[in-house]
Structures are given as C-alpha cells and as structure tokens.
Amino acid sequence: MVKIGNIELGEFPLLLAPMEDVSDPPFRAVCKDNGADLMYTEFISSEGLIRDAIKSRKKLDIFDYERPIGIQIFGGDEESLSLAAQIVEATNPDLLDINFGCPVKKVACKGAGAGILKDIPKMVKLTAAVVKATKLPVTIKTRLGWDEETKNIEDVAERLQDVGIKALTIHGRTRTQMYKGNADWTLIGKVKNNPRIQIPIFGNGDICTPEQAVAARAKYGVDGIMIGRAAIGYPWIFNEIKHFMKTGEHLPLPTVLERVEVCKKHLRQSVAWKGEVVGILEMRRHYTNYLKGLPHIKDYRQQLVTCNTLAEIEDVLDKVVLQYNDHIFERSAPAYDFLPSSNEMTGCNVYG
Ligand SMILES: Cc1cc2nc3c(=O)[nH]c(=O)nc-3n(C[C@H](O)[C@H](O)[C@H](O)COP(=O)(O)O)c2cc1C
C-alpha cells in the first residue's frame, strides 16, 4: 500500500498531473470518474495568494468528491511560500505540493519553479520552511535537474526527504529540455532504488498507453505514475491502465456516445463552476481532444467552438453521436496537442 503521510493510495496509484488551465475542477471531475487516484490543482502563485489575487484564490476551490486532492503552489521566497502554505491549509486539502519544475521564463528566472534547480541549498531551505509552516503533508514535483550537466535529482531527493517531504514526483526531463526529446526515466529509477529513500517516488513524463505504464513500473520500480497530457480529452487512460495492469487485457475503447457523454459532463461542470460565458469559452480547447480519431470532424468542431450557449453545444454533440454512432475507434497513442512548440525557445506557455 502506497501512503503519503496517512493518505492511503492503493497498490500502484495513478496521479493526475497539475496542469495550468487544464487541471481545474471540471476536468478533475471527469478524471476522478475514470480512475485517477490522486489529483492536483494547477499551480498557484504564492505571491498571488497572498495578494488575494482573485484568479489564484479561485484555484483553491476543491470538492469533497475529489479527495484525496493536493493543492500545488510555486514561489521563490521563503516567507511568501510559508504564508501561502498557511492559506492553503485553511482550505483543507489532503496535501500541499510545491512546484519546483516549472520552466516558464517568468517563473524559473525569478528563482521559482525549475529555477530553484540552480540553487539546491535554497530549494532545501524553502522546502524546510514550508514543511514547518503547515501540518499538511508536503510533496514536491520537480525535474531531473537544471541542465544536462546538473542532473542532481539523486542528491536532491535525499535532501528533500531529510527535511520532511512525504512524496516526490519526478518529471524525467531537465529544465533546459523543456519538452524536447523523450523523458528519461533512468534517474527516476535510481532515486526509487536508492536504499536511503523511504518516501514514495512517482514517475512522470510521456506515459500515454497501458503498455508504457506497465513497462515503467516493471523497469523502474516507481511507486506510482503521474499522467498529464495523455488524460486531456481522454480521462479513460487511468482505468485503462489499471485494468491492463490487473488483467493484461485492454478495456474496450470508449464509444463515441461515451466520449460525448464525458465531454458533456466536463462542459456542464465548466459552466457550473465558471459561469456560462467563461465556462463555454474555456471548454473550446478540449473538443479536438475528445473527438480525436473521428474522420472529417472539422465542421462539427468549428460549430462547437463558435456556439455560445450550452444548449447549442449539446445539440451539436448529439449530432456527432448520431453521425458517428457506428465508428470503430483505433487504439493509438494520443498526440500532444497541448504542447505549444512555437514558444518552446522563449519558455512561454510551457510548464513543469
Ligand atoms: C498545459 C500544461 C500545463 C502544465 N501546468 C503545470 C503546472 O501547473 N504545474 C506543474 O507542476 N506542472 C505542469 N505541467 C507539467 C505536467 O504536470 C507534467 O509534468 C508534464 O506534462 C509531463 O507529463 P506528461 O508527459 O504525462 O504530460 C503542465 C503541462 C502542460 C502540458
């Protein structure tokens, strides 16, 4: 049984990754329905929380059906992070996660997110301060290191454990890699198999099929896997992996009706939580992913991103079901539409 503090997570938990503008309550609801064992909010600025920035506060919304749930914060200042930890604690999540992996320039270059990977003593000091400031179990999400020459995660893991974190998630890339190349799980495995390490180690990066999840578990011995992009528009990934791990067989792929039903739930939750205008606008980025694999879907997609009421959108979705009812989906690795490649070099819009 994997445990973070007193939170029991089963034999091999699958975690939903924190993703800015994606891992909000509506998206988390459909991931929870489909097997996510532990979920995180998108990252929240510690400075924003302290200033009472409305957008940051709104991100603290969590619901009982989501438990266990972690709130993720970022920042590069000890006092702000500690204060933010206390604000987070007051909202009663199950745990608090610190983001030490975000490579976005405006975050990393201020010494927060992955920026901290350049200054390990500071990373340890900030972590210790947060652990001291809250009664919540504190977890960390980070990368292998700053760059190819400084992949110091083995040392970092020991030092963070020593100051009291309760679990560590490692994304198998460096900061300078951003999202380029493949995630390298070798060092994640080394951290997990270090006899000094007692806390759960979760691996993260590029897992998008049940086969990959099984292979990563067998080869690297991690305590669980965190999944990000593969869940976008495809929250079934969690139950698919679980079923495959248990039986060696694939679950049948979701039918078009199931895809549309989940998409509708996501949409309705969006409208309920954000209001109709914003809920509908922010949902537009998800249709492509829910409808992936359907041929000649462009016209419907166009309608979905131009309709302005819930009823109109549901109507279009119903037409999709009618037209594609007999469609047989093929098993394929999800493509990562959420990667803004043109911005990679500047570091804008790329994350943890
Ligand atoms: C759109 C997007 C937003 C992200 N936002 C965050 C974030 O707020 N906090 C964080 O720690 N990581 C963030 N990440 C990184 C993911 O949590 C994860 O580490 C990364 O996507 C690799 O996992 P994957 O290959 O399963 O997607 C984000 C990634 C994406 C694609």
# chains A, B, ... in the order shown; residues from 1 in each chain; ligands from 1
$ select_by_dssp --residues "range 59-141 of chain A" --states "helix (DSSP H, G or I)" --output "PyMOL selection string"
chain A and resi 64-66+78-90+105-108+113-118+120-133
$ write_last_selection --atoms "N, CA and C atoms" --output "compact mmCIF listing (two decimals), in the first residue's frame"
# COMPACT_ATOMS: atom_id res chain seq x y z
N ASP A 64 -15.31 17.75 -2.00
CA ASP A 64 -15.08 16.51 -1.25
C ASP A 64 -14.95 15.27 -2.12
N TYR A 65 -15.73 15.23 -3.23
CA TYR A 65 -15.65 14.03 -4.08
C TYR A 65 -14.29 13.88 -4.75
N GLU A 66 -13.48 14.93 -4.70
CA GLU A 66 -12.16 14.87 -5.35
C GLU A 66 -11.09 14.22 -4.48
N GLU A 78 10.91 32.51 0.74
CA GLU A 78 10.58 31.67 1.89
C GLU A 78 9.33 32.14 2.63
N GLU A 79 9.29 33.46 2.86
CA GLU A 79 8.18 33.98 3.64
C GLU A 79 6.85 33.83 2.88
N SER A 80 6.90 34.15 1.59
CA SER A 80 5.66 34.05 0.79
C SER A 80 5.19 32.60 0.70
N LEU A 81 6.12 31.69 0.48
CA LEU A 81 5.72 30.28 0.37
C LEU A 81 5.13 29.79 1.69
N SER A 82 5.74 30.20 2.80
CA SER A 82 5.23 29.74 4.10
C SER A 82 3.84 30.31 4.38
N LEU A 83 3.68 31.58 4.05
CA LEU A 83 2.35 32.20 4.24
C LEU A 83 1.31 31.54 3.34
N ALA A 84 1.72 31.32 2.10
CA ALA A 84 0.81 30.67 1.14
C ALA A 84 0.43 29.28 1.66
N ALA A 85 1.38 28.59 2.26
CA ALA A 85 1.10 27.24 2.79
C ALA A 85 0.01 27.32 3.86
N GLN A 86 0.05 28.38 4.65
CA GLN A 86 -0.98 28.52 5.69
C GLN A 86 -2.35 28.84 5.08
N ILE A 87 -2.34 29.66 4.02
CA ILE A 87 -3.61 29.95 3.34
C ILE A 87 -4.17 28.66 2.74
N VAL A 88 -3.30 27.88 2.13
CA VAL A 88 -3.72 26.60 1.54
C VAL A 88 -4.28 25.69 2.63
N GLU A 89 -3.60 25.61 3.74
CA GLU A 89 -4.04 24.72 4.82
C GLU A 89 -5.46 25.04 5.27
N ALA A 90 -5.77 26.34 5.29
CA ALA A 90 -7.10 26.76 5.74
C ALA A 90 -8.21 26.24 4.81
N LYS A 105 9.85 31.03 -18.35
CA LYS A 105 10.85 32.05 -18.01
C LYS A 105 10.45 32.94 -16.84
N LYS A 106 9.22 33.43 -16.91
CA LYS A 106 8.82 34.40 -15.88
C LYS A 106 8.77 33.76 -14.48
N VAL A 107 8.70 32.44 -14.42
CA VAL A 107 8.73 31.74 -13.13
C VAL A 107 10.16 31.32 -12.80
N ALA A 108 10.76 30.55 -13.73
CA ALA A 108 12.07 29.94 -13.45
C ALA A 108 13.16 31.02 -13.30
N GLY A 113 9.76 27.68 -9.39
CA GLY A 113 9.63 26.57 -10.33
C GLY A 113 10.97 25.89 -10.51
N ALA A 114 11.30 25.57 -11.79
CA ALA A 114 12.56 24.86 -12.06
C ALA A 114 13.78 25.74 -11.81
N GLY A 115 13.58 27.05 -11.69
CA GLY A 115 14.68 27.97 -11.42
C GLY A 115 15.45 27.57 -10.18
N ILE A 116 14.76 26.96 -9.25
CA ILE A 116 15.36 26.60 -7.98
C ILE A 116 16.38 25.47 -8.16
N LEU A 117 16.31 24.78 -9.29
CA LEU A 117 17.25 23.68 -9.53
C LEU A 117 18.68 24.19 -9.70
N LYS A 118 18.83 25.50 -9.83
CA LYS A 118 20.17 26.08 -9.92
C LYS A 118 20.74 26.35 -8.53
N ILE A 120 20.35 24.45 -5.10
CA ILE A 120 19.78 23.36 -4.29
C ILE A 120 19.69 23.73 -2.79
N PRO A 121 20.71 24.39 -2.22
CA PRO A 121 20.56 24.76 -0.81
C PRO A 121 19.30 25.60 -0.57
N LYS A 122 19.00 26.49 -1.52
CA LYS A 122 17.79 27.31 -1.37
C LYS A 122 16.53 26.44 -1.50
N MET A 123 16.57 25.52 -2.42
CA MET A 123 15.42 24.61 -2.60
C MET A 123 15.13 23.86 -1.31
N VAL A 124 16.20 23.39 -0.67
CA VAL A 124 16.04 22.64 0.57
C VAL A 124 15.52 23.56 1.68
N LYS A 125 16.04 24.77 1.70
CA LYS A 125 15.63 25.73 2.74
C LYS A 125 14.14 26.11 2.58
N LEU A 126 13.75 26.38 1.35
CA LEU A 126 12.34 26.73 1.10
C LEU A 126 11.43 25.56 1.50
N THR A 127 11.86 24.37 1.14
CA THR A 127 11.04 23.20 1.46
C THR A 127 10.90 23.03 2.97
N ALA A 128 12.03 23.16 3.65
CA ALA A 128 12.01 23.00 5.11
C ALA A 128 11.06 24.04 5.73
N ALA A 129 11.09 25.26 5.19
CA ALA A 129 10.24 26.31 5.74
C ALA A 129 8.76 25.98 5.54
N VAL A 130 8.43 25.44 4.37
CA VAL A 130 7.03 25.10 4.11
C VAL A 130 6.60 23.93 4.99
N VAL A 131 7.45 22.94 5.13
CA VAL A 131 7.12 21.79 5.98
C VAL A 131 6.83 22.28 7.41
N LYS A 132 7.62 23.25 7.83
CA LYS A 132 7.46 23.78 9.19
C LYS A 132 6.18 24.62 9.32
N ALA A 133 5.80 25.27 8.20
CA ALA A 133 4.68 26.22 8.27
C ALA A 133 3.31 25.53 8.27
$ closest_atom_pairs --of "chain A" --to "ligand 1" --cutoff "9 Å" --atoms "only C-alpha atoms and all ligand atoms" --output "CSV"
residue,atom,partner,partner_atom_place_in_ligand_line,distance
A:Leu16,CA,ligand 1,17 (O),8.1
A:Ala17,CA,ligand 1,17 (O),4.3
A:Pro18,CA,ligand 1,9 (N),4.6
A:Met19,CA,ligand 1,5 (N),3.1
A:Glu20,CA,ligand 1,5 (N),3.8
A:Asp21,CA,ligand 1,3 (C),6.6
A:Val22,CA,ligand 1,1 (C),6.3
A:Ser23,CA,ligand 1,8 (O),8.0
A:Tyr40,CA,ligand 1,9 (N),8.6
A:Thr41,CA,ligand 1,8 (O),7.5
A:Glu42,CA,ligand 1,8 (O),4.1
A:Phe43,CA,ligand 1,8 (O),3.9
A:Ile44,CA,ligand 1,8 (O),7.4
A:Gln72,CA,ligand 1,9 (N),7.1
A:Ile73,CA,ligand 1,9 (N),8.3
A:Phe74,CA,ligand 1,9 (N),8.5
A:Asp97,CA,ligand 1,11 (O),8.6
A:Ile98,CA,ligand 1,11 (O),7.9
A:Asn99,CA,ligand 1,11 (O),5.0
A:Phe100,CA,ligand 1,11 (O),7.3
A:Gly101,CA,ligand 1,11 (O),5.8
A:Cys102,CA,ligand 1,10 (C),6.0
A:Gly113,CA,ligand 1,11 (O),8.1
A:Ile140,CA,ligand 1,11 (O),8.8
A:Lys141,CA,ligand 1,11 (O),5.9
A:Thr142,CA,ligand 1,11 (O),7.2
A:Arg143,CA,ligand 1,19 (O),8.3
A:Thr169,CA,ligand 1,19 (O),8.7
A:Ile170,CA,ligand 1,19 (O),7.9
A:His171,CA,ligand 1,19 (O),5.4
A:Gly172,CA,ligand 1,22 (C),8.1
A:Arg173,CA,ligand 1,22 (C),8.6
A:Tyr179,CA,ligand 1,22 (C),7.8
A:Ala183,CA,ligand 1,25 (O),7.6
A:Asn204,CA,ligand 1,23 (O),5.3
A:Gly205,CA,ligand 1,25 (O),3.7
A:Asp206,CA,ligand 1,25 (O),3.5
A:Ile207,CA,ligand 1,26 (O),5.4
A:Cys208,CA,ligand 1,26 (O),7.0
A:Ile225,CA,ligand 1,26 (O),8.7
A:Met226,CA,ligand 1,26 (O),6.3
A:Ile227,CA,ligand 1,26 (O),3.9
A:Gly228,CA,ligand 1,26 (O),3.6
A:Arg229,CA,ligand 1,27 (O),3.7
A:Ala230,CA,ligand 1,26 (O),6.0
A:Ala231,CA,ligand 1,26 (O),7.9
A:Ile232,CA,ligand 1,31 (C),8.9
A:Tyr336,CA,ligand 1,27 (O),8.0
A:Asp337,CA,ligand 1,31 (C),8.7
A:Phe338,CA,ligand 1,31 (C),5.4
A:Leu339,CA,ligand 1,31 (C),5.9
A:Pro340,CA,ligand 1,31 (C),8.5
A:Asn349,CA,ligand 1,1 (C),7.7
A:Val350,CA,ligand 1,30 (C),6.6
A:Tyr351,CA,ligand 1,14 (N),4.4
A:Gly352,CA,ligand 1,12 (N),3.5
$ write_last_selection --atoms "C-alpha atoms" --output "PDB file, in the first residue's frame"
ATOM      1  CA  LEU A  16      -3.391  13.317 -12.440  1.00  0.00           C
ATOM      2  CA  ALA A  17      -0.668  15.892 -13.120  1.00  0.00           C
ATOM      3  CA  PRO A  18      -1.111  19.518 -12.201  1.00  0.00           C
ATOM      4  CA  MET A  19      -1.645  21.386 -15.485  1.00  0.00           C
ATOM      5  CA  GLU A  20      -2.242  25.087 -15.715  1.00  0.00           C
ATOM      6  CA  ASP A  21      -5.563  25.986 -17.384  1.00  0.00           C
ATOM      7  CA  VAL A  22      -6.385  22.276 -17.635  1.00  0.00           C
ATOM      8  CA  SER A  23      -6.476  20.631 -14.177  1.00  0.00           C
ATOM      9  CA  TYR A  40      -3.558  18.125  -8.004  1.00  0.00           C
ATOM     10  CA  THR A  41      -4.762  21.611  -8.730  1.00  0.00           C
ATOM     11  CA  GLU A  42      -2.923  23.608 -11.372  1.00  0.00           C
ATOM     12  CA  PHE A  43      -0.048  25.565  -9.859  1.00  0.00           C
ATOM     13  CA  ILE A  44      -0.925  28.637  -7.829  1.00  0.00           C
ATOM     14  CA  GLN A  72       0.144  22.975  -5.762  1.00  0.00           C
ATOM     15  CA  ILE A  73       1.915  26.265  -5.120  1.00  0.00           C
ATOM     16  CA  PHE A  74       5.036  27.888  -6.501  1.00  0.00           C
ATOM     17  CA  ASP A  97       2.634  20.225  -3.318  1.00  0.00           C
ATOM     18  CA  ILE A  98       5.431  22.616  -4.216  1.00  0.00           C
ATOM     19  CA  ASN A  99       6.248  23.089  -7.870  1.00  0.00           C
ATOM     20  CA  PHE A 100       9.995  23.058  -8.433  1.00  0.00           C
ATOM     21  CA  GLY A 101       9.660  22.043 -12.064  1.00  0.00           C
ATOM     22  CA  CYS A 102       8.057  24.882 -13.996  1.00  0.00           C
ATOM     23  CA  GLY A 113       9.629  26.573 -10.329  1.00  0.00           C
ATOM     24  CA  ILE A 140       7.381  18.089  -4.282  1.00  0.00           C
ATOM     25  CA  LYS A 141       7.201  17.927  -8.057  1.00  0.00           C
ATOM     26  CA  THR A 142      10.417  18.624  -9.887  1.00  0.00           C
ATOM     27  CA  ARG A 143      12.644  17.719 -12.836  1.00  0.00           C
ATOM     28  CA  THR A 169       7.244  13.277  -8.245  1.00  0.00           C
ATOM     29  CA  ILE A 170       9.980  13.466 -10.846  1.00  0.00           C
ATOM     30  CA  HIS A 171       9.406  14.563 -14.452  1.00  0.00           C
ATOM     31  CA  GLY A 172      12.153  12.857 -16.452  1.00  0.00           C
ATOM     32  CA  ARG A 173      13.463  15.963 -18.188  1.00  0.00           C
ATOM     33  CA  TYR A 179       9.559  19.258 -23.520  1.00  0.00           C
ATOM     34  CA  ALA A 183      11.515  11.785 -20.873  1.00  0.00           C
ATOM     35  CA  ASN A 204       6.234  11.358 -14.724  1.00  0.00           C
ATOM     36  CA  GLY A 205       6.776  12.014 -18.398  1.00  0.00           C
ATOM     37  CA  ASP A 206       5.420  10.720 -21.703  1.00  0.00           C
ATOM     38  CA  ILE A 207       3.238   7.897 -20.376  1.00  0.00           C
ATOM     39  CA  CYS A 208       0.267   7.589 -22.684  1.00  0.00           C
ATOM     40  CA  ILE A 225       2.818   7.192 -12.175  1.00  0.00           C
ATOM     41  CA  MET A 226       1.691  10.746 -12.796  1.00  0.00           C
ATOM     42  CA  ILE A 227      -0.108  11.366 -16.060  1.00  0.00           C
ATOM     43  CA  GLY A 228      -0.622  14.728 -17.690  1.00  0.00           C
ATOM     44  CA  ARG A 229      -1.181  15.250 -21.387  1.00  0.00           C
ATOM     45  CA  ALA A 230      -2.478  11.761 -22.103  1.00  0.00           C
ATOM     46  CA  ALA A 231      -5.507  12.476 -19.908  1.00  0.00           C
ATOM     47  CA  ILE A 232      -6.505  15.610 -21.799  1.00  0.00           C
ATOM     48  CA  TYR A 336       0.211  16.031 -27.602  1.00  0.00           C
ATOM     49  CA  ASP A 337      -1.859  18.903 -28.924  1.00  0.00           C
ATOM     50  CA  PHE A 338      -1.305  20.825 -25.729  1.00  0.00           C
ATOM     51  CA  LEU A 339       2.362  21.412 -26.484  1.00  0.00           C
ATOM     52  CA  PRO A 340       2.880  24.946 -27.685  1.00  0.00           C
ATOM     53  CA  ASN A 349       3.494  28.652 -22.168  1.00  0.00           C
ATOM     54  CA  VAL A 350       5.469  25.558 -21.284  1.00  0.00           C
ATOM     55  CA  TYR A 351       5.253  24.063 -17.890  1.00  0.00           C
ATOM     56  CA  GLY A 352       6.597  21.865 -15.070  1.00  0.00           C
TER      57      GLY A 352
END
$ atom_distance --atom1 "CA of Thr288 in chain A" --atom2 "CA of Lys32 in chain A"
20.9 Å
$ closest_residue --among "A:Cys263, A:Ile50, A:Val2, A:Ala29" --to "Leu14 in chain A" --atoms "only C-alpha atoms"
A:Val2
$ atom_distance --atom1 "CA of Tyr234 in chain A" --atom2 "CA of Asn289 in chain A"
7.2 Å
$ closest_residue --among "A:Lys292, A:Lys110, A:Val104, A:Ile4" --to "Ile69 in chain A" --atoms "only C-alpha atoms"
A:Ile4
$ atom_distance --atom1 "CA of Trp236 in chain A" --atom2 "CA of Leu144 in chain A"
28.4 Å
$ residues_around --residues "Pro210 in chain A" --least-positions-apart "3" --cutoff "7 Å" --atoms "only C-alpha atoms" --output "ChimeraX atom specification"
/A:213-214,240-241,244
$ residues_around --residues "His266 in chain A" --least-positions-apart "4" --cutoff "8 Å" --atoms "only C-alpha atoms" --output "NGL selection string"
:A and (26-27 or 29-30 or 262 or 270)
$ closest_residue --among "A:Ile199, A:Ile165, A:Val320, A:Met178" --to "Gly145 in chain A" --atoms "only C-alpha atoms"
A:Met178
$ residues_around --residues "Gly70 in chain A" --least-positions-apart "2" --cutoff "6 Å" --atoms "only C-alpha atoms" --output "PyMOL selection string"
chain A and resi 40+93-96
$ write_last_selection --atoms "N, CA and C atoms" --output "PDB file, in the first residue's frame"
ATOM      1  N   TYR A  40      -4.108  16.851  -8.468  1.00  0.00           N
ATOM      2  CA  TYR A  40      -3.558  18.125  -8.004  1.00  0.00           C
ATOM      3  C   TYR A  40      -4.250  19.272  -8.717  1.00  0.00           C
ATOM      4  N   PRO A  93      -7.099  20.950   2.015  1.00  0.00           N
ATOM      5  CA  PRO A  93      -6.822  19.874   1.055  1.00  0.00           C
ATOM      6  C   PRO A  93      -6.180  18.700   1.795  1.00  0.00           C
ATOM      7  N   ASP A  94      -5.936  17.604   1.075  1.00  0.00           N
ATOM      8  CA  ASP A  94      -5.280  16.466   1.729  1.00  0.00           C
ATOM      9  C   ASP A  94      -3.773  16.655   1.797  1.00  0.00           C
ATOM     10  N   LEU A  95      -3.223  17.377   0.822  1.00  0.00           N
ATOM     11  CA  LEU A  95      -1.786  17.639   0.875  1.00  0.00           C
ATOM     12  C   LEU A  95      -1.433  18.898   0.107  1.00  0.00           C
ATOM     13  N   LEU A  96      -0.199  19.324   0.318  1.00  0.00           N
ATOM     14  CA  LEU A  96       0.307  20.531  -0.338  1.00  0.00           C
ATOM     15  C   LEU A  96       1.516  20.145  -1.170  1.00  0.00           C
TER      16      LEU A  96
END
$ residues_around --residues "range 193-198 of chain A" --least-positions-apart "4" --cutoff "10 Å" --atoms "only C-alpha atoms" --output "list of chain:residue names"
A:Glu154, A:Ala157, A:Glu158, A:Arg159, A:Gln161, A:Asp162, A:Lys166, A:Ala167, A:Leu187, A:Ile188, A:Gly189, A:Tyr220, A:Gly221, A:Val222
$ select_by_dssp --residues "range 138-313 of chain A" --states "strand (DSSP E or B)" --output "list in words"
Val138, Thr139, Ile140, Lys141, Thr142, Arg143, Ala167, Leu168, Thr169, Ile170, His171, Ile201, Phe202, Gly203, Asn204, Gly224, Ile225, Met226 and Ile227 of chain A
$ write_last_selection --atoms "C-alpha atoms" --output "CSV table (one decimal), in the first residue's frame"
chain,number,residue,atom,x,y,z
A,138,VAL,CA,4.2,18.3,1.8
A,139,THR,CA,5.1,16.8,-1.5
A,140,ILE,CA,7.4,18.1,-4.3
A,141,LYS,CA,7.2,17.9,-8.1
A,142,THR,CA,10.4,18.6,-9.9
A,143,ARG,CA,12.6,17.7,-12.8
A,167,ALA,CA,6.5,12.1,-1.5
A,168,LEU,CA,8.4,13.2,-4.6
A,169,THR,CA,7.2,13.3,-8.2
A,170,ILE,CA,10.0,13.5,-10.8
A,171,HIS,CA,9.4,14.6,-14.5
A,201,ILE,CA,8.6,8.2,-5.7
A,202,PHE,CA,6.2,8.9,-8.6
A,203,GLY,CA,7.5,8.9,-12.1
A,204,ASN,CA,6.2,11.4,-14.7
A,224,GLY,CA,3.1,5.2,-9.0
A,225,ILE,CA,2.8,7.2,-12.2
A,226,MET,CA,1.7,10.7,-12.8
A,227,ILE,CA,-0.1,11.4,-16.1
$ residues_around --residues "Val321 in chain A" --least-positions-apart "4" --cutoff "8 Å" --atoms "only C-alpha atoms" --output "VMD selection string"
chain A and resid 256 to 257 260 317 325
$ closest_residue --among "A:His250, A:Arg284, A:Arg51, A:Lys190" --to "Ile237 in chain A" --atoms "only C-alpha atoms"
A:His250
$ closest_residue --among "A:Asp315, A:Asp119, A:Asp77, A:Asp61" --to "Thr150 in chain A" --atoms "only C-alpha atoms"
A:Asp119
$ closest_residue --among "A:Ala216, A:Cys109, A:Leu267, A:Met283" --to "Trp146 in chain A" --atoms "only C-alpha atoms"
A:Cys109
